[in-house]
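Novice: Pasting input32.csv here (CSV, C-alpha atoms):
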chain,number,residue,atom,x,y,z
A,174,CYS,CA,26.4,-28.0,10.5
A,175,GLY,CA,26.7,-30.8,13.1
A,176,ASP,CA,30.0,-32.1,11.7
A,177,GLN,CA,32.6,-31.4,14.4
A,178,SER,CA,35.4,-31.2,11.8
A,179,VAL,CA,33.8,-28.2,10.0
A,180,PRO,CA,35.3,-24.9,11.1
A,181,ILE,CA,33.0,-22.4,12.7
A,182,PRO,CA,33.4,-19.7,10.0
A,183,VAL,CA,32.2,-22.3,7.4
A,184,ILE,CA,29.2,-23.1,9.6
A,185,GLU,CA,28.4,-19.4,9.8
A,186,ALA,CA,28.6,-19.0,6.0
A,187,ARG,CA,26.4,-22.1,5.4
A,188,LEU,CA,23.9,-21.0,8.0
A,189,SER,CA,23.6,-17.7,6.2
A,190,GLY,CA,22.8,-19.4,2.9
A,191,ILE,CA,20.2,-21.7,4.5
A,192,ILE,CA,18.5,-18.8,6.2
A,193,THR,CA,18.3,-17.1,2.9
A,194,VAL,CA,16.5,-20.1,1.4
A,195,ALA,CA,14.2,-20.2,4.5
A,196,HIS,CA,13.3,-16.6,3.8
A,197,MET,CA,12.4,-17.5,0.2
A,198,TYR,CA,9.9,-19.9,1.6
A,199,ARG,CA,8.6,-17.2,3.9
A,200,GLN,CA,8.1,-14.8,1.0
A,201,GLU,CA,6.1,-17.4,-0.8
A,202,ASN,CA,3.9,-17.9,2.3
A,203,ARG,CA,5.1,-21.4,2.7
A,204,HIS,CA,5.3,-20.9,6.5
A,205,GLY,CA,5.2,-24.6,7.5
A,206,GLU,CA,8.3,-25.3,5.4
A,207,TYR,CA,10.0,-22.2,6.7
A,208,LYS,CA,9.4,-23.4,10.3
A,209,GLN,CA,10.7,-26.9,9.4
A,210,ILE,CA,14.0,-25.6,8.1
A,211,VAL,CA,14.5,-23.3,11.2
A,212,SER,CA,13.6,-26.1,13.6
A,213,ARG,CA,15.9,-28.6,11.9
A,214,LEU,CA,18.8,-26.2,12.1
A,215,MET,CA,18.6,-25.6,15.8
A,216,PRO,CA,20.0,-28.8,17.3
A,217,PRO,CA,23.2,-29.0,15.2
A,218,ILE,CA,23.8,-25.3,15.4
A,219,PHE,CA,23.4,-25.2,19.2
A,220,ASN,CA,25.6,-28.3,19.4
A,221,ARG,CA,28.5,-26.4,17.7
A,222,LEU,CA,27.9,-22.8,18.8
A,223,THR,CA,27.5,-21.2,22.2
A,224,ASP,CA,24.1,-19.9,23.1
A,225,ARG,CA,25.6,-16.4,23.0
A,226,HIS,CA,26.8,-16.7,19.4
A,227,PRO,CA,25.1,-14.3,17.0
A,228,ALA,CA,23.9,-17.2,14.9
A,229,SER,CA,22.1,-18.7,17.9
A,230,PHE,CA,20.2,-15.5,18.4
A,231,VAL,CA,19.4,-15.3,14.7
A,232,LEU,CA,17.9,-18.8,14.8
A,233,ARG,CA,15.8,-17.9,17.9
A,234,LYS,CA,14.5,-14.8,16.1
A,235,GLU,CA,13.6,-16.9,13.1
A,236,LEU,CA,11.7,-19.4,15.3
A,237,GLY,CA,9.8,-16.5,16.8
A,238,ALA,CA,9.0,-15.3,13.3
A,239,THR,CA,7.6,-18.7,12.3
A,240,ARG,CA,5.4,-18.7,15.4
A,241,ARG,CA,4.0,-15.3,14.4
A,242,LEU,CA,3.4,-16.4,10.8
A,243,LEU,CA,1.6,-19.5,12.0
A,244,GLN,CA,-0.8,-17.4,14.0
A,245,GLU,CA,0.8,-18.1,17.4
A,246,PRO,CA,1.5,-14.5,18.6
A,247,LEU,CA,1.9,-15.1,22.3
A,248,PRO,CA,4.6,-17.8,22.0
A,249,ALA,CA,6.2,-15.7,19.3
A,250,LEU,CA,6.4,-12.7,21.7
A,251,ALA,CA,7.8,-14.9,24.5
A,252,LEU,CA,10.6,-16.2,22.2
A,253,LEU,CA,11.4,-12.8,20.9
A,254,GLN,CA,11.4,-11.2,24.3
A,255,GLY,CA,13.7,-13.9,25.7
A,256,THR,CA,16.1,-13.5,22.7
A,257,LYS,CA,16.2,-9.7,23.1
A,258,ASP,CA,17.0,-10.0,26.8
A,259,GLN,CA,19.8,-12.5,26.1
A,260,ILE,CA,21.3,-10.2,23.4
A,261,LEU,CA,21.1,-7.2,25.8
A,262,SER,CA,22.8,-9.3,28.5
A,263,THR,CA,25.6,-10.3,26.1
A,264,LEU,CA,26.1,-6.7,25.0
A,265,ALA,CA,26.4,-5.7,28.6
A,266,GLU,CA,29.0,-8.4,29.2
A,267,MET,CA,31.0,-7.2,26.2
A,268,GLN,CA,31.4,-3.8,27.9
A,269,GLN,CA,33.6,-5.4,30.4
A,270,GLU,CA,36.1,-6.5,27.7
A,271,PRO,CA,39.0,-4.3,26.6
A,272,VAL,CA,38.1,-2.1,23.7
A,273,SER,CA,39.3,-3.6,20.4
A,274,ASP,CA,38.4,-3.9,16.8
A,275,ASP,CA,37.2,-7.4,17.4
A,276,ARG,CA,34.9,-6.4,20.2
A,277,ASN,CA,33.5,-3.5,18.2
A,278,ALA,CA,32.8,-5.8,15.2
A,279,ARG,CA,31.1,-8.5,17.4
A,280,GLU,CA,29.1,-5.8,19.1
A,281,ALA,CA,27.9,-4.3,15.8
A,282,VAL,CA,26.9,-7.7,14.5
A,283,LEU,CA,24.9,-8.4,17.7
A,284,MET,CA,23.2,-5.0,17.4
A,285,VAL,CA,22.0,-5.8,13.9
A,286,VAL,CA,20.4,-9.0,15.2
A,287,LEU,CA,18.9,-7.0,18.1
A,288,VAL,CA,17.3,-4.6,15.5
A,289,ASP,CA,15.9,-7.6,13.6
A,290,VAL,CA,14.4,-9.0,16.8
A,291,LEU,CA,12.8,-5.7,17.7
A,292,GLN,CA,11.4,-5.4,14.2
A,293,GLU,CA,9.8,-8.8,14.5
A,294,GLN,CA,8.4,-7.9,17.9
A,295,GLY,CA,6.9,-4.8,16.4
A,296,ALA,CA,5.2,-6.9,13.8
A,297,VAL,CA,3.7,-9.2,16.4
A,298,HIS,CA,2.4,-6.3,18.5
A,299,ARG,CA,0.9,-4.9,15.3
A,300,ASP,CA,-0.8,-8.2,14.5
A,301,LEU,CA,-2.3,-8.1,18.0
A,302,GLY,CA,-3.6,-4.5,17.4
A,303,ASP,CA,-1.2,-3.1,20.0
A,304,THR,CA,-0.2,0.1,18.2
A,305,THR,CA,1.6,1.6,21.2
A,306,ASN,CA,4.0,-1.2,21.7
A,307,SER,CA,4.4,-1.8,18.0
A,308,ARG,CA,5.4,1.8,17.5
A,309,GLN,CA,7.8,1.7,20.5
A,310,SER,CA,9.5,-1.5,19.1
A,311,TYR,CA,9.9,-0.1,15.6
A,312,GLN,CA,11.2,3.3,16.9
A,313,THR,CA,13.7,1.7,19.3
A,314,ALA,CA,14.9,-0.6,16.4
A,315,LEU,CA,15.3,2.4,14.1
A,316,GLU,CA,17.3,4.4,16.7
A,317,ILE,CA,19.6,1.4,17.3
A,318,ALA,CA,20.0,0.8,13.6
A,319,GLN,CA,20.9,4.4,12.9
A,320,SER,CA,23.6,4.3,15.7
A,321,ILE,CA,25.4,1.3,14.3
A,322,GLN,CA,28.7,2.1,12.6
A,323,GLN,CA,28.5,0.2,9.3
A,324,GLU,CA,32.2,0.1,8.7
A,325,ARG,CA,32.5,-2.3,11.6
A,326,LEU,CA,30.3,-4.8,9.9
A,327,PRO,CA,31.1,-7.5,7.4
A,328,LEU,CA,29.8,-6.7,3.9
A,329,SER,CA,26.8,-9.1,4.1
A,330,GLN,CA,25.8,-7.5,7.4
A,331,ARG,CA,26.0,-4.0,5.9
A,332,HIS,CA,23.5,-5.0,3.3
A,333,SER,CA,21.2,-6.5,6.0
A,334,LEU,CA,21.4,-3.3,8.0
A,335,ARG,CA,20.5,-1.1,5.0
A,336,VAL,CA,17.5,-3.3,4.3
A,337,LEU,CA,16.5,-3.1,8.0
A,338,LEU,CA,16.9,0.7,8.0
A,339,ARG,CA,14.7,1.1,5.0
A,340,THR,CA,12.0,-1.2,6.3
A,341,LEU,CA,11.9,0.4,9.7
A,342,GLU,CA,11.7,3.9,8.3
A,343,VAL,CA,8.7,2.8,6.2
A,344,LYS,CA,7.0,1.1,9.2
A,345,ASN,CA,7.5,4.1,11.5
A,346,ALA,CA,6.0,6.4,8.9
A,347,GLU,CA,3.1,4.0,8.3
A,348,LEU,CA,2.3,3.8,12.0
A,349,THR,CA,2.4,7.5,12.6
A,350,GLY,CA,0.3,8.1,9.4
A,351,ASP,CA,2.8,10.6,8.1
A,352,LEU,CA,2.4,10.1,4.4
A,353,GLU,CA,4.8,13.0,3.6
A,354,CYS,CA,7.5,11.2,5.5
A,355,LEU,CA,6.6,7.9,3.9
A,356,ALA,CA,6.9,9.4,0.4
A,357,GLU,CA,10.3,10.9,1.3
A,358,VAL,CA,11.5,7.6,2.6
A,359,HIS,CA,10.5,5.8,-0.6
A,360,ARG,CA,12.1,8.5,-2.7
A,361,ARG,CA,15.3,8.3,-0.8
A,362,HIS,CA,15.5,4.5,-0.8
A,363,TYR,CA,14.0,3.5,-4.1
A,364,GLY,CA,14.5,6.6,-6.2
A,365,GLU,CA,12.1,9.0,-7.9
A,366,GLN,CA,11.2,6.7,-10.8
A,367,SER,CA,10.0,3.8,-8.6
A,368,THR,CA,6.7,2.1,-8.1
A,369,GLU,CA,7.1,2.6,-4.3
A,370,TYR,CA,7.5,6.4,-4.7
A,371,TRP,CA,4.7,6.6,-7.2
A,372,SER,CA,2.3,4.8,-4.8
A,373,ALA,CA,3.4,7.0,-1.9
A,374,CYS,CA,2.8,10.2,-3.9
A,375,ARG,CA,-0.6,9.0,-5.1
A,376,ASN,CA,-1.7,8.2,-1.6
A,377,LEU,CA,-0.4,11.5,-0.2
A,378,GLY,CA,-2.2,13.4,-3.0
A,379,LEU,CA,-5.5,11.6,-2.3
A,380,LYS,CA,-5.1,12.4,1.4
A,381,HIS,CA,-4.6,16.1,0.5
A,382,LEU,CA,-7.8,15.9,-1.6
A,383,LYS,CA,-9.8,14.3,1.2
A,384,GLU,CA,-8.6,17.0,3.6
A,385,HIS,CA,-9.6,19.8,1.1
A,386,ARG,CA,-5.9,20.9,0.5
A,387,TYR,CA,-6.6,21.2,-3.2
A,388,SER,CA,-3.5,23.0,-4.4
A,389,ALA,CA,-1.2,20.5,-2.6
A,390,ALA,CA,-3.4,17.6,-3.9
A,391,ALA,CA,-3.1,18.9,-7.5
A,392,ASP,CA,0.7,19.2,-7.3
A,393,THR,CA,1.3,15.8,-5.7
A,394,LEU,CA,-1.1,13.9,-7.9
A,395,TYR,CA,0.4,15.4,-11.0
A,396,ARG,CA,3.8,14.3,-9.7
A,397,ALA,CA,2.4,10.8,-9.3
A,398,TYR,CA,1.0,11.0,-12.9
A,399,GLU,CA,4.4,12.0,-14.2
A,400,ILE,CA,6.2,9.2,-12.4
A,401,ALA,CA,3.6,6.7,-13.7
A,402,CYS,CA,4.1,7.8,-17.3
A,403,GLY,CA,7.8,6.9,-17.0
A,404,LEU,CA,7.4,3.6,-15.2
A,405,PRO,CA,7.9,0.5,-17.5
A,406,PRO,CA,5.1,-1.5,-15.9
A,407,MET,CA,2.7,1.3,-16.4
A,408,GLY,CA,3.2,4.1,-18.9
A,409,LYS,CA,0.9,7.0,-20.0
A,410,ASP,CA,-2.0,4.8,-21.2
A,411,HIS,CA,-2.2,2.6,-18.1
A,412,LEU,CA,-5.5,2.7,-16.1
A,413,LEU,CA,-3.7,3.7,-12.9
A,414,THR,CA,-1.9,6.5,-14.7
A,415,THR,CA,-5.1,7.9,-16.1
A,416,SER,CA,-6.6,7.6,-12.6
A,417,CYS,CA,-3.8,9.8,-11.3
A,418,LEU,CA,-4.6,12.3,-14.1
A,419,GLN,CA,-8.3,12.2,-13.3
A,420,HIS,CA,-7.8,12.9,-9.6
A,421,HIS,CA,-5.3,15.6,-10.4
A,422,ALA,CA,-7.9,17.2,-12.7
A,423,ARG,CA,-10.6,17.1,-10.0
A,424,ALA,CA,-8.1,18.7,-7.5
A,425,LEU,CA,-7.4,21.5,-10.0
A,426,ILE,CA,-11.1,22.2,-10.4
A,427,LYS,CA,-11.6,22.2,-6.6
A,428,ALA,CA,-8.6,24.6,-6.4
A,429,GLY,CA,-10.4,27.0,-8.8
A,430,ASP,CA,-8.8,26.2,-12.1
A,431,PHE,CA,-11.8,24.8,-13.9
A,432,GLN,CA,-10.6,25.1,-17.5
A,433,THR,CA,-7.3,23.3,-17.0
A,434,GLY,CA,-9.0,20.7,-14.9
A,435,LEU,CA,-11.6,20.1,-17.6
A,436,GLU,CA,-8.9,19.7,-20.2
A,437,ARG,CA,-7.2,17.1,-18.1
A,438,LEU,CA,-10.5,15.2,-17.7
A,439,GLN,CA,-11.0,15.3,-21.4
A,440,GLU,CA,-7.4,14.0,-21.9
A,441,CYS,CA,-8.1,11.1,-19.5
A,442,LEU,CA,-11.3,10.3,-21.4
A,443,ALA,CA,-9.5,10.4,-24.8
A,444,ILE,CA,-6.8,7.9,-23.5
A,445,ARG,CA,-9.4,5.5,-22.2
A,446,GLN,CA,-11.5,5.6,-25.3
A,447,ARG,CA,-8.5,4.8,-27.3
A,448,THR,CA,-7.1,2.1,-25.1
A,449,LEU,CA,-10.3,0.6,-23.4
A,450,GLY,CA,-13.0,1.4,-25.9
A,451,ASN,CA,-16.1,3.6,-25.7
A,452,GLU,CA,-18.2,1.2,-23.7
A,453,ASP,CA,-15.8,0.1,-21.0
A,454,GLY,CA,-16.9,1.1,-17.5
A,455,HIS,CA,-13.8,3.1,-16.7
A,456,THR,CA,-14.3,5.1,-19.9
A,457,ILE,CA,-17.9,5.8,-19.1
A,458,ASN,CA,-16.9,6.9,-15.6
A,459,ALA,CA,-14.4,9.3,-17.0
A,460,MET,CA,-17.2,10.8,-19.2
A,461,GLN,CA,-19.6,11.1,-16.3
A,462,TYR,CA,-16.9,13.0,-14.3
A,463,ILE,CA,-16.9,15.5,-17.1
A,464,ALA,CA,-20.7,15.7,-17.0
A,465,GLU,CA,-20.7,16.3,-13.2
A,466,GLU,CA,-18.1,19.1,-13.4
A,467,LEU,CA,-20.0,20.8,-16.2
A,468,ARG,CA,-23.1,20.7,-14.1
A,469,ASN,CA,-21.3,22.0,-11.0
A,470,HIS,CA,-19.9,24.9,-13.0
A,471,GLY,CA,-23.0,26.4,-14.6
A,472,ARG,CA,-23.1,24.5,-17.9
A,473,PRO,CA,-26.2,22.3,-17.3
A,474,THR,CA,-27.1,22.0,-21.0
A,475,ASP,CA,-23.6,20.8,-21.9
A,476,ALA,CA,-23.7,18.5,-18.9
A,477,LEU,CA,-27.0,16.9,-19.9
A,478,ALA,CA,-25.7,16.2,-23.4
A,479,CYS,CA,-22.7,14.6,-21.9
A,480,TYR,CA,-24.9,12.5,-19.6
A,481,GLU,CA,-27.1,11.4,-22.5
A,482,GLU,CA,-24.0,10.0,-24.2
A,483,CYS,CA,-23.0,8.3,-20.9
A,484,LEU,CA,-26.5,6.8,-20.7
A,485,GLN,CA,-26.3,5.3,-24.2
A,486,ARG,CA,-23.0,3.7,-23.4
A,487,ARG,CA,-24.1,2.4,-20.0
A,488,VAL,CA,-27.2,0.8,-21.5
A,489,ARG,CA,-25.1,-1.0,-24.1
A,490,LEU,CA,-22.7,-2.1,-21.4
A,491,PHE,CA,-25.6,-3.2,-19.2
A,492,GLU,CA,-27.0,-5.4,-22.0
A,493,ARG,CA,-23.7,-7.3,-22.0
A,494,ASP,CA,-23.1,-7.3,-18.2
A,495,GLN,CA,-26.1,-6.9,-15.9
A,496,SER,CA,-23.9,-6.6,-12.8
A,497,LYS,CA,-23.5,-3.0,-14.0
A,498,ALA,CA,-27.1,-2.1,-13.0
A,499,THR,CA,-26.1,0.1,-10.1
A,500,ASP,CA,-23.9,2.4,-12.3
A,501,LEU,CA,-26.8,2.7,-14.8
A,502,ILE,CA,-29.3,3.6,-12.0
A,503,VAL,CA,-27.0,6.3,-10.6
A,504,THR,CA,-26.6,7.8,-14.0
A,505,LEU,CA,-30.4,7.9,-14.6
A,506,LYS,CA,-30.9,9.5,-11.1
A,507,SER,CA,-28.3,12.2,-11.9
A,508,MET,CA,-29.9,12.9,-15.2
A,509,ALA,CA,-33.4,13.1,-13.7
A,510,ALA,CA,-32.1,15.7,-11.1
A,511,LEU,CA,-30.3,17.7,-13.8
A,512,ALA,CA,-33.3,17.7,-16.2
A,513,GLN,CA,-35.5,18.9,-13.2
A,514,GLU,CA,-33.0,21.8,-12.7
A,515,LEU,CA,-33.5,22.7,-16.4
A,516,ASN,CA,-37.3,22.6,-15.9
A,517,GLN,CA,-37.5,19.7,-18.3
A,518,ILE,CA,-40.0,17.9,-16.2
A,519,THR,CA,-41.2,15.3,-18.7
A,520,LYS,CA,-37.6,14.2,-19.4
A,521,ALA,CA,-36.8,14.2,-15.7
A,522,THR,CA,-39.8,12.1,-14.9
A,523,GLU,CA,-38.9,9.6,-17.7
A,524,TYR,CA,-35.3,9.2,-16.3
A,525,ALA,CA,-36.5,8.9,-12.7
A,526,GLY,CA,-39.1,6.2,-13.8
A,527,GLN,CA,-36.4,4.2,-15.6
A,528,ALA,CA,-34.1,4.5,-12.6
A,529,PHE,CA,-36.9,3.2,-10.3
A,530,GLN,CA,-37.8,0.3,-12.6
A,531,PHE,CA,-34.2,-0.8,-13.0
A,532,ALA,CA,-33.5,-0.5,-9.3
A,533,HIS,CA,-36.7,-2.4,-8.3
A,534,HIS,CA,-36.0,-5.2,-10.7
A,535,HIS,CA,-32.3,-5.6,-10.2
A,536,LEU,CA,-31.7,-4.4,-6.6
A,537,GLY,CA,-35.0,-5.2,-5.0
A,538,PRO,CA,-37.6,-3.0,-3.3
A,539,GLU,CA,-35.7,-2.6,-0.1
A,540,ALA,CA,-32.5,-1.3,-1.6
A,541,ALA,CA,-31.5,2.3,-0.8
A,542,LEU,CA,-31.2,3.2,-4.5
A,543,THR,CA,-34.7,1.8,-5.2
A,544,GLN,CA,-36.3,3.9,-2.4
A,545,GLU,CA,-34.4,7.0,-3.5
A,546,SER,CA,-35.4,6.5,-7.1
A,547,ALA,CA,-39.1,5.9,-6.0
A,548,ALA,CA,-39.1,9.1,-4.0
A,549,LEU,CA,-37.7,11.1,-6.9
A,550,TYR,CA,-40.1,9.6,-9.4
A,551,ALA,CA,-43.1,10.2,-7.1
A,552,GLY,CA,-42.1,13.8,-6.5
A,553,LEU,CA,-41.7,14.5,-10.2
A,554,GLN,CA,-45.1,12.9,-11.0
A,555,SER,CA,-46.8,15.1,-8.4
Using structure tokens, write down the structure from this file.
Specialist:
Amino acid sequence: CGDQSVPIPVIEARLSGIITVAHMYRQENRHGEYKQIVSRLMPPIFNRLTDRHPASFVLRKELGATRRLLQEPLPALALLQGTKDQILSTLAEMQQEPVSDDRNAREAVLMVVLVDVLQEQGAVHRDLGDTTNSRQSYQTALEIAQSIQQERLPLSQRHSLRVLLRTLEVKNAELTGDLECLAEVHRRHYGEQSTEYWSACRNLGLKHLKEHRYSAAADTLYRAYEIACGLPPMGKDHLLTTSCLQHHARALIKAGDFQTGLERLQECLAIRQRTLGNEDGHTINAMQYIAEELRNHGRPTDALACYEECLQRRVRLFERDQSKATDLIVTLKSMAALAQELNQITKATEYAGQAFQFAHHHLGPEAALTQESAALYAGLQS
């Protein structure tokens, strides 16, 4: 790059390739090497190009990015703000030139660099916990990016702009907490059969569930389940796929469709029993969800039978892995409460006593579960 005989267009092309390599280091979290490449590029590039050349601004932006990644947010902000101011000044000077295709092309290229600088500024503000300025930087960047006429850009810059648009739409949706908008952005940019859209649908469905919008939750979570079934990394038997089915089932039950919800929970259990085995923790959890819903919907005898099968499996799992003590204690407490509802006091007392003994031994006398189990046991004894 410092060779005076090399034409400027060749330097620009080589610089683009080197920046691509630097970004590969960045993606691998090799931030020191990323900074080293950028720092080594600056003297020869500034020796050949003017400080108003787009490549000069790109390098300054990259140096600001390295400062951010190396936990130096204030120097990063100063570098990025200075770069932004210089780009805006250069764009203002361009307005004094006669209108031409060349001017329009140079202006469009500079605006792409400006968008990238604003995006990096937004990231620094976000790291500092300054949500207001972060949102403002991202929103301004998005508005500028949407105004750029792509046909004025070289092909490589068009691709960069498309990537920036996608990233900025995602970041703006994340900052506003608009999960519906985020899901739509992912659908539009990545397609309906994509991991990104699946994740957005799942998160949106769980948000609906948390906010008691059960019909919307059931629909959205089933959409996430359908997507997961068709994704090569996942498929119908994957744990995350069955998790979507399980949440969908619980939303259905909350929305009033108990029978369909129960069938979906049983389907989830059958898949996990086949793929993970009867005594895997995820399988047992799926069975316990069924027991809980049976209890909540007026079928306590069926629920207790289901709980008893859960208990046998949890005991066998606990014998192999004593870190599962908490799950076992919670199951025993639930069974004690249910047996008490059925007026099976002897059985309820036995379950509560076991829960207390396990909790006292494995969690300690001060643990909340130990004290809750002790109170339940004492109440049943009296």
Novice: Excluding A:Pro248 and residues on its chain fewer than 3 positions from it, collect all residues at most 12 Å away from it, counting all atoms listed in the file, and give them as a compact mmCIF listing (two decimals) with C-alpha atoms, keeping the file's coordinate frame.
Specialist:
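out.txt, freshly written:
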# COMPACT_ATOMS: atom_id res chain seq x y z
CA ARG A 233 15.80 -17.90 17.90
CA LYS A 234 14.50 -14.80 16.10
CA LEU A 236 11.70 -19.40 15.30
CA GLY A 237 9.80 -16.50 16.80
CA ALA A 238 9.00 -15.30 13.30
CA THR A 239 7.60 -18.70 12.30
CA ARG A 240 5.40 -18.70 15.40
CA ARG A 241 4.00 -15.30 14.40
CA LEU A 242 3.40 -16.40 10.80
CA LEU A 243 1.60 -19.50 12.00
CA GLN A 244 -0.80 -17.40 14.00
CA GLU A 245 0.80 -18.10 17.40
CA ALA A 251 7.80 -14.90 24.50
CA LEU A 252 10.60 -16.20 22.20
CA LEU A 253 11.40 -12.80 20.90
CA GLN A 254 11.40 -11.20 24.30
CA GLY A 255 13.70 -13.90 25.70
CA GLN A 294 8.40 -7.90 17.90
CA VAL A 297 3.70 -9.20 16.40
Novice: So which one's closest to A:His359, A:Glu342, A:Arg375, A:Val285, A:Ala476? Using only C-alpha atoms, please.
Specialist: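 Closest to A:His359, using only C-alpha atoms: A:Glu342.
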Novice: In Å, rounded to a single decimal, give me how far atom CA of A:Glu384 is from atom CA of A:Glu436.
Specialist: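 According to the coordinates, atom CA of A:Glu436 and atom CA of A:Glu384 are separated by 24.0 Å.
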Novice: Sorted by chain and rising residue number, which residues of stretch 176-254 of chain A lie within 10 Å of stretch 259-275 of chain A, and what are their closest atom pairs and distances in Å to one decimal, counting all atoms listed in the file, as a Markdown table?
Specialist:
| residue | atom | partner | partner_atom | distance |
| --- | --- | --- | --- | --- |
| A:Asp224 | CA | A:Gln259 | CA | 9.1 |
| A:Arg225 | CA | A:Thr263 | CA | 6.8 |
| A:His226 | CA | A:Thr263 | CA | 9.3 |
| A:Pro227 | CA | A:Ile260 | CA | 8.5 |
| A:Phe230 | CA | A:Ile260 | CA | 7.4 |
| A:Leu253 | CA | A:Gln259 | CA | 9.9 |
| A:Gln254 | CA | A:Gln259 | CA | 8.7 |
Novice: Rank nothing, just name the residue among A:Ile184, A:Ala443, A:Cys354, A:Ala428 nearest to A:Arg386, using all atoms listed in the file.
Specialist: A:Ala428
Novice: Compare A:Arg331, A:Lys409, A:Arg325, A:His420 by their minimum atom-to-atom distance to A:Arg279, counting all atoms listed in the file, and give me the closest one.
Specialist: A:Arg325
Novice: Within 12 Å of A:Glu365, counting all atoms listed in the file, which residues show up once you throw out same-chain ones fewer than 5 positions away? Write them as a PDB file with C-alpha atoms, in the coordinates of the input, please.
Specialist:
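Heads up, here's the output in part04.pdb:
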ATOM      1  CA  ALA A 356       6.900   9.400   0.400  1.00  0.00           C
ATOM      2  CA  GLU A 357      10.300  10.900   1.300  1.00  0.00           C
ATOM      3  CA  VAL A 358      11.500   7.600   2.600  1.00  0.00           C
ATOM      4  CA  HIS A 359      10.500   5.800  -0.600  1.00  0.00           C
ATOM      5  CA  ARG A 360      12.100   8.500  -2.700  1.00  0.00           C
ATOM      6  CA  TYR A 370       7.500   6.400  -4.700  1.00  0.00           C
ATOM      7  CA  TRP A 371       4.700   6.600  -7.200  1.00  0.00           C
ATOM      8  CA  SER A 372       2.300   4.800  -4.800  1.00  0.00           C
ATOM      9  CA  ALA A 373       3.400   7.000  -1.900  1.00  0.00           C
ATOM     10  CA  CYS A 374       2.800  10.200  -3.900  1.00  0.00           C
ATOM     11  CA  ARG A 396       3.800  14.300  -9.700  1.00  0.00           C
ATOM     12  CA  ALA A 397       2.400  10.800  -9.300  1.00  0.00           C
ATOM     13  CA  GLU A 399       4.400  12.000 -14.200  1.00  0.00           C
ATOM     14  CA  ILE A 400       6.200   9.200 -12.400  1.00  0.00           C
ATOM     15  CA  ALA A 401       3.600   6.700 -13.700  1.00  0.00           C
ATOM     16  CA  GLY A 403       7.800   6.900 -17.000  1.00  0.00           C
ATOM     17  CA  LEU A 404       7.400   3.600 -15.200  1.00  0.00           C
TER      18      LEU A 404
END
Novice: List the neighbours of A:Ala390 out to 9 Å using all atoms listed in the file; skip same-chain residues closer than 5 positions along the sequence, and give me the result as a ChimeraX atom specification.
Specialist: /A:377-383,385,395,420-421,424-425
Novice: Find the distance between atom CA of A:Phe431 and atom CA of A:Glu466 and write it in Å to one decimal.
Specialist: 8.5 Å
Novice: Quick one, how far is atom CA of A:Leu505 from atom CA of A:Leu484?
Specialist: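 So the answer is 7.3 Å.
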Novice: Given the choices A:Lys520, A:Leu338, A:Val183, A:His534, which gets closest to A:Tyr550 if the distance is worked out from all atoms listed in the file?
Specialist: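 Among the listed residues, the smallest separation from A:Tyr550 belongs to A:Lys520.
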Novice: Find, counting only C-alpha atoms, the residue in A:Tyr363, A:Thr414, A:Asp500, A:Leu549 that gets nearest to A:Thr522.
Specialist: A:Leu549
Novice: Nearest to A:Gly471 among A:Arg486, A:Val194, A:Arg199, A:Leu511, with distances taken over only C-alpha atoms: which residue is it?
Specialist: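 Checking each candidate against A:Gly471, we get A:Leu511 as the closest.
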Novice: I want to know what sits within 9 Å of stretch 213-218 of chain A, based on all atoms listed in the file, with residues of the same chain fewer than 3 positions away left out; could you give that as a ChimeraX atom specification?
Specialist: /A:174-176,184,188,191,208-210,221-223,228-229,232-233
Novice: Mind dumping stretch 283-289 of chain A from that block, keeping N, CA, C and O atoms, as a compact mmCIF listing (two decimals), in the first residue's frame?
Specialist:
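Full text of part_11.txt as output:
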# COMPACT_ATOMS: atom_id res chain seq x y z
N LEU A 283 -19.50 7.39 0.51
CA LEU A 283 -19.24 8.03 1.80
C LEU A 283 -20.40 7.82 2.78
O LEU A 283 -20.21 7.65 3.98
N MET A 284 -21.62 7.83 2.26
CA MET A 284 -22.78 7.65 3.13
C MET A 284 -22.82 6.24 3.71
O MET A 284 -23.22 6.04 4.85
N VAL A 285 -22.36 5.25 2.93
CA VAL A 285 -22.27 3.88 3.47
C VAL A 285 -21.27 3.84 4.62
O VAL A 285 -21.53 3.23 5.66
N VAL A 286 -20.13 4.53 4.45
CA VAL A 286 -19.13 4.58 5.53
C VAL A 286 -19.73 5.29 6.74
O VAL A 286 -19.53 4.86 7.89
N LEU A 287 -20.49 6.37 6.51
CA LEU A 287 -21.13 7.10 7.61
C LEU A 287 -22.09 6.20 8.37
O LEU A 287 -22.13 6.21 9.61
N VAL A 288 -22.87 5.42 7.66
CA VAL A 288 -23.79 4.48 8.29
C VAL A 288 -23.02 3.50 9.18
O VAL A 288 -23.42 3.21 10.32
N ASP A 289 -21.91 2.99 8.69
CA ASP A 289 -21.10 2.05 9.45
C ASP A 289 -20.54 2.70 10.71
O ASP A 289 -20.49 2.09 11.78
